Amino acid sequence: MTIQEQQHIKQKGYAEAVRYIANAKDVLQKAGFKDGRYADSKYVRMACGTAYSGVLIAIEAWLKLKGVDFSEIAKNKNKRKNIEFYKNNVASLDGKLKGYLDDAYQVLHLDGYYDGLQNIKVIKEGFVAAKYIAEQIKPVGAAQ
């Protein structure tokens, strides 16, 4: 992969991941809060699902930059990438990033999106993980 191709993947992936995460933060503000909990689970679910989508965009770009082969999935249009595909590939390359991916998956996808968890502290930690993951593909000189 050429340096230009790497830069393109970083720029596109980072911009898209950050856009999703920023949109998720905007949606989360609509939830309102009281006593350390978000007031409206609908907005929490929407925000967590959007932020998690940003995480997957960043992880996929990161894996492409590391040379992970997506051809098996591309050949079989009925086969989807799943969290195990991402976790296994990330774990083999970067244990710390795998921990952040685990956190984002648990908090944003399972707890926030599926279960509608409304605890502000927990949801914020999911967003911390999302930001960390996106930062792993940040191009040199990219604005925050």
# chains A, B, ... in the order shown; residues from 1 in each chain; ligands from 1

$ select_by_dssp --residues "chain A" --states "strand (DSSP E or B)" --output "list in words"
Phe33, Lys34, Arg37, Tyr38 and Asn119 of chain A

$ residues_around --residues "stretch 129-144 of chain A" --least-positions-apart "2" --cutoff "10 Å" --atoms "only C-alpha atoms" --output "PDB file with N, CA and C atoms, in the first residue's frame"
ATOM      1  N   GLN A   6      -2.439   5.091   2.119  1.00  0.00           N
ATOM      2  CA  GLN A   6      -2.566   5.102   3.574  1.00  0.00           C
ATOM      3  C   GLN A   6      -3.165   6.423   4.057  1.00  0.00           C
ATOM      4  N   GLN A   7      -2.661   7.520   3.525  1.00  0.00           N
ATOM      5  CA  GLN A   7      -3.173   8.835   3.912  1.00  0.00           C
ATOM      6  C   GLN A   7      -4.643   8.973   3.557  1.00  0.00           C
ATOM      7  N   HIS A   8      -5.031   8.455   2.404  1.00  0.00           N
ATOM      8  CA  HIS A   8      -6.438   8.515   1.987  1.00  0.00           C
ATOM      9  C   HIS A   8      -7.323   7.732   2.959  1.00  0.00           C
ATOM     10  N   ILE A   9      -6.882   6.542   3.320  1.00  0.00           N
ATOM     11  CA  ILE A   9      -7.649   5.723   4.265  1.00  0.00           C
ATOM     12  C   ILE A   9      -7.770   6.448   5.608  1.00  0.00           C
ATOM     13  N   LYS A  10      -6.667   7.005   6.083  1.00  0.00           N
ATOM     14  CA  LYS A  10      -6.689   7.740   7.351  1.00  0.00           C
ATOM     15  C   LYS A  10      -7.627   8.942   7.279  1.00  0.00           C
ATOM     16  N   GLN A  11      -7.471   9.745   6.239  1.00  0.00           N
ATOM     17  CA  GLN A  11      -8.282  10.961   6.133  1.00  0.00           C
ATOM     18  C   GLN A  11      -9.767  10.642   6.043  1.00  0.00           C
ATOM     19  N   LYS A  12     -10.096   9.711   5.176  1.00  0.00           N
ATOM     20  CA  LYS A  12     -11.505   9.352   4.990  1.00  0.00           C
ATOM     21  C   LYS A  12     -12.080   8.686   6.246  1.00  0.00           C
ATOM     22  N   GLY A  13     -11.363   7.707   6.774  1.00  0.00           N
ATOM     23  CA  GLY A  13     -11.843   6.984   7.953  1.00  0.00           C
ATOM     24  C   GLY A  13     -11.949   7.870   9.177  1.00  0.00           C
ATOM     25  N   TYR A  14     -10.939   8.683   9.410  1.00  0.00           N
ATOM     26  CA  TYR A  14     -10.941   9.567  10.575  1.00  0.00           C
ATOM     27  C   TYR A  14     -12.067  10.590  10.482  1.00  0.00           C
ATOM     28  N   ALA A  15     -12.185  11.233   9.341  1.00  0.00           N
ATOM     29  CA  ALA A  15     -13.233  12.246   9.175  1.00  0.00           C
ATOM     30  C   ALA A  15     -14.616  11.647   9.395  1.00  0.00           C
ATOM     31  N   GLU A  16     -14.842  10.473   8.843  1.00  0.00           N
ATOM     32  CA  GLU A  16     -16.148   9.828   8.974  1.00  0.00           C
ATOM     33  C   GLU A  16     -16.401   9.369  10.418  1.00  0.00           C
ATOM     34  N   ALA A  17     -15.409   8.758  11.036  1.00  0.00           N
ATOM     35  CA  ALA A  17     -15.571   8.296  12.424  1.00  0.00           C
ATOM     36  C   ALA A  17     -15.835   9.473  13.365  1.00  0.00           C
ATOM     37  N   VAL A  18     -15.073  10.531  13.214  1.00  0.00           N
ATOM     38  CA  VAL A  18     -15.248  11.713  14.073  1.00  0.00           C
ATOM     39  C   VAL A  18     -16.609  12.356  13.825  1.00  0.00           C
ATOM     40  N   ILE A  21     -19.173  10.275  15.709  1.00  0.00           N
ATOM     41  CA  ILE A  21     -19.061  10.472  17.157  1.00  0.00           C
ATOM     42  C   ILE A  21     -19.586  11.850  17.558  1.00  0.00           C
ATOM     43  N   ALA A  22     -19.273  12.869  16.771  1.00  0.00           N
ATOM     44  CA  ALA A  22     -19.779  14.214  17.050  1.00  0.00           C
ATOM     45  C   ALA A  22     -21.304  14.262  16.937  1.00  0.00           C
ATOM     46  N   ALA A  51     -22.468   6.405  17.747  1.00  0.00           N
ATOM     47  CA  ALA A  51     -21.061   6.413  18.172  1.00  0.00           C
ATOM     48  C   ALA A  51     -20.397   5.076  17.880  1.00  0.00           C
ATOM     49  N   TYR A  52     -21.107   3.989  18.112  1.00  0.00           N
ATOM     50  CA  TYR A  52     -20.549   2.663  17.844  1.00  0.00           C
ATOM     51  C   TYR A  52     -20.288   2.480  16.349  1.00  0.00           C
ATOM     52  N   SER A  53     -21.142   3.013  15.510  1.00  0.00           N
ATOM     53  CA  SER A  53     -20.902   2.962  14.066  1.00  0.00           C
ATOM     54  C   SER A  53     -19.605   3.689  13.724  1.00  0.00           C
ATOM     55  N   GLY A  54     -19.354   4.812  14.378  1.00  0.00           N
ATOM     56  CA  GLY A  54     -18.099   5.527  14.187  1.00  0.00           C
ATOM     57  C   GLY A  54     -16.903   4.693  14.606  1.00  0.00           C
ATOM     58  N   VAL A  55     -17.056   3.949  15.685  1.00  0.00           N
ATOM     59  CA  VAL A  55     -15.991   3.055  16.151  1.00  0.00           C
ATOM     60  C   VAL A  55     -15.671   2.017  15.075  1.00  0.00           C
ATOM     61  N   LEU A  56     -16.694   1.414  14.506  1.00  0.00           N
ATOM     62  CA  LEU A  56     -16.467   0.391  13.485  1.00  0.00           C
ATOM     63  C   LEU A  56     -15.798   0.969  12.242  1.00  0.00           C
ATOM     64  N   ILE A  57     -16.164   2.180  11.880  1.00  0.00           N
ATOM     65  CA  ILE A  57     -15.515   2.840  10.739  1.00  0.00           C
ATOM     66  C   ILE A  57     -14.023   3.017  11.024  1.00  0.00           C
ATOM     67  N   ALA A  58     -13.706   3.497  12.221  1.00  0.00           N
ATOM     68  CA  ALA A  58     -12.299   3.710  12.591  1.00  0.00           C
ATOM     69  C   ALA A  58     -11.536   2.390  12.665  1.00  0.00           C
ATOM     70  N   ILE A  59     -12.135   1.380  13.259  1.00  0.00           N
ATOM     71  CA  ILE A  59     -11.469   0.073  13.389  1.00  0.00           C
ATOM     72  C   ILE A  59     -11.221  -0.536  12.010  1.00  0.00           C
ATOM     73  N   ALA A  61     -10.817   1.029   9.168  1.00  0.00           N
ATOM     74  CA  ALA A  61      -9.716   1.778   8.538  1.00  0.00           C
ATOM     75  C   ALA A  61      -8.385   1.365   9.150  1.00  0.00           C
ATOM     76  N   TRP A  62      -8.341   1.233  10.470  1.00  0.00           N
ATOM     77  CA  TRP A  62      -7.106   0.838  11.162  1.00  0.00           C
ATOM     78  C   TRP A  62      -6.643  -0.536  10.692  1.00  0.00           C
ATOM     79  N   LEU A  63      -7.590  -1.462  10.584  1.00  0.00           N
ATOM     80  CA  LEU A  63      -7.240  -2.813  10.133  1.00  0.00           C
ATOM     81  C   LEU A  63      -6.730  -2.811   8.691  1.00  0.00           C
ATOM     82  N   LEU A  65      -5.162  -0.382   7.279  1.00  0.00           N
ATOM     83  CA  LEU A  65      -3.810   0.174   7.347  1.00  0.00           C
ATOM     84  C   LEU A  65      -2.796  -0.870   7.816  1.00  0.00           C
ATOM     85  N   LEU A  97      -5.558  -1.500  22.147  1.00  0.00           N
ATOM     86  CA  LEU A  97      -6.681  -1.092  21.301  1.00  0.00           C
ATOM     87  C   LEU A  97      -7.823  -2.095  21.413  1.00  0.00           C
ATOM     88  N   LYS A  98      -7.488  -3.360  21.546  1.00  0.00           N
ATOM     89  CA  LYS A  98      -8.520  -4.392  21.702  1.00  0.00           C
ATOM     90  C   LYS A  98      -9.327  -4.132  22.974  1.00  0.00           C
ATOM     91  N   GLY A  99      -8.667  -3.671  24.043  1.00  0.00           N
ATOM     92  CA  GLY A  99      -9.375  -3.337  25.278  1.00  0.00           C
ATOM     93  C   GLY A  99     -10.361  -2.193  25.073  1.00  0.00           C
ATOM     94  N   TYR A 100      -9.934  -1.174  24.324  1.00  0.00           N
ATOM     95  CA  TYR A 100     -10.836  -0.057  24.033  1.00  0.00           C
ATOM     96  C   TYR A 100     -11.998  -0.510  23.144  1.00  0.00           C
ATOM     97  N   LEU A 101     -11.724  -1.404  22.210  1.00  0.00           N
ATOM     98  CA  LEU A 101     -12.792  -1.935  21.368  1.00  0.00           C
ATOM     99  C   LEU A 101     -13.780  -2.727  22.215  1.00  0.00           C
ATOM    100  N   ASP A 102     -13.278  -3.524  23.134  1.00  0.00           N
ATOM    101  CA  ASP A 102     -14.166  -4.263  24.044  1.00  0.00           C
ATOM    102  C   ASP A 102     -15.056  -3.304  24.829  1.00  0.00           C
ATOM    103  N   ASP A 103     -14.458  -2.224  25.340  1.00  0.00           N
ATOM    104  CA  ASP A 103     -15.227  -1.237  26.110  1.00  0.00           C
ATOM    105  C   ASP A 103     -16.306  -0.577  25.249  1.00  0.00           C
ATOM    106  N   ALA A 104     -15.922  -0.160  24.042  1.00  0.00           N
ATOM    107  CA  ALA A 104     -16.882   0.487  23.142  1.00  0.00           C
ATOM    108  C   ALA A 104     -18.014  -0.477  22.786  1.00  0.00           C
ATOM    109  N   TYR A 105     -17.667  -1.714  22.503  1.00  0.00           N
ATOM    110  CA  TYR A 105     -18.687  -2.712  22.159  1.00  0.00           C
ATOM    111  C   TYR A 105     -19.652  -2.922  23.328  1.00  0.00           C
ATOM    112  N   VAL A 107     -20.183  -1.032  26.166  1.00  0.00           N
ATOM    113  CA  VAL A 107     -20.905   0.145  26.658  1.00  0.00           C
ATOM    114  C   VAL A 107     -21.809   0.743  25.589  1.00  0.00           C
ATOM    115  N   LEU A 108     -21.251   1.008  24.420  1.00  0.00           N
ATOM    116  CA  LEU A 108     -22.039   1.695  23.403  1.00  0.00           C
ATOM    117  C   LEU A 108     -23.035   0.771  22.709  1.00  0.00           C
ATOM    118  N   LYS A 124     -20.442   7.946  29.183  1.00  0.00           N
ATOM    119  CA  LYS A 124     -19.290   8.809  28.873  1.00  0.00           C
ATOM    120  C   LYS A 124     -18.029   7.982  28.667  1.00  0.00           C
ATOM    121  N   GLU A 125     -17.854   6.918  29.424  1.00  0.00           N
ATOM    122  CA  GLU A 125     -16.689   6.044  29.235  1.00  0.00           C
ATOM    123  C   GLU A 125     -16.720   5.363  27.871  1.00  0.00           C
ATOM    124  N   GLY A 126     -17.897   5.041  27.392  1.00  0.00           N
ATOM    125  CA  GLY A 126     -18.017   4.488  26.049  1.00  0.00           C
ATOM    126  C   GLY A 126     -17.566   5.488  24.995  1.00  0.00           C
ATOM    127  N   PHE A 127     -17.903   6.749  25.219  1.00  0.00           N
ATOM    128  CA  PHE A 127     -17.476   7.797  24.288  1.00  0.00           C
ATOM    129  C   PHE A 127     -15.967   8.044  24.378  1.00  0.00           C
TER     130      PHE A 127
END

$ select_by_dssp --residues "chain A" --states "helix (DSSP H, G or I)" --output "ChimeraX atom specification"
/A:3-29,41-65,71-75,83-93,95-114,120-135

$ atom_distance --atom1 "atom CA of A:Tyr86" --atom2 "atom CA of A:Gln118"
26.5 Å

$ closest_residue --among "A:Glu60, A:Ala39, A:Gln4, A:Gln29" --to "A:Asn82" --atoms "only C-alpha atoms"
A:Glu60

$ atom_distance --atom1 "atom CA of A:Val122" --atom2 "atom CA of A:Lys81"
26.6 Å

$ atom_distance --atom1 "atom CA of A:Arg19" --atom2 "atom CA of A:Tyr38"
22.3 Å

$ closest_residue --among "A:Val68, A:Tyr43, A:Cys48, A:Gly95" --to "A:Tyr20" --atoms "only C-alpha atoms"
A:Cys48
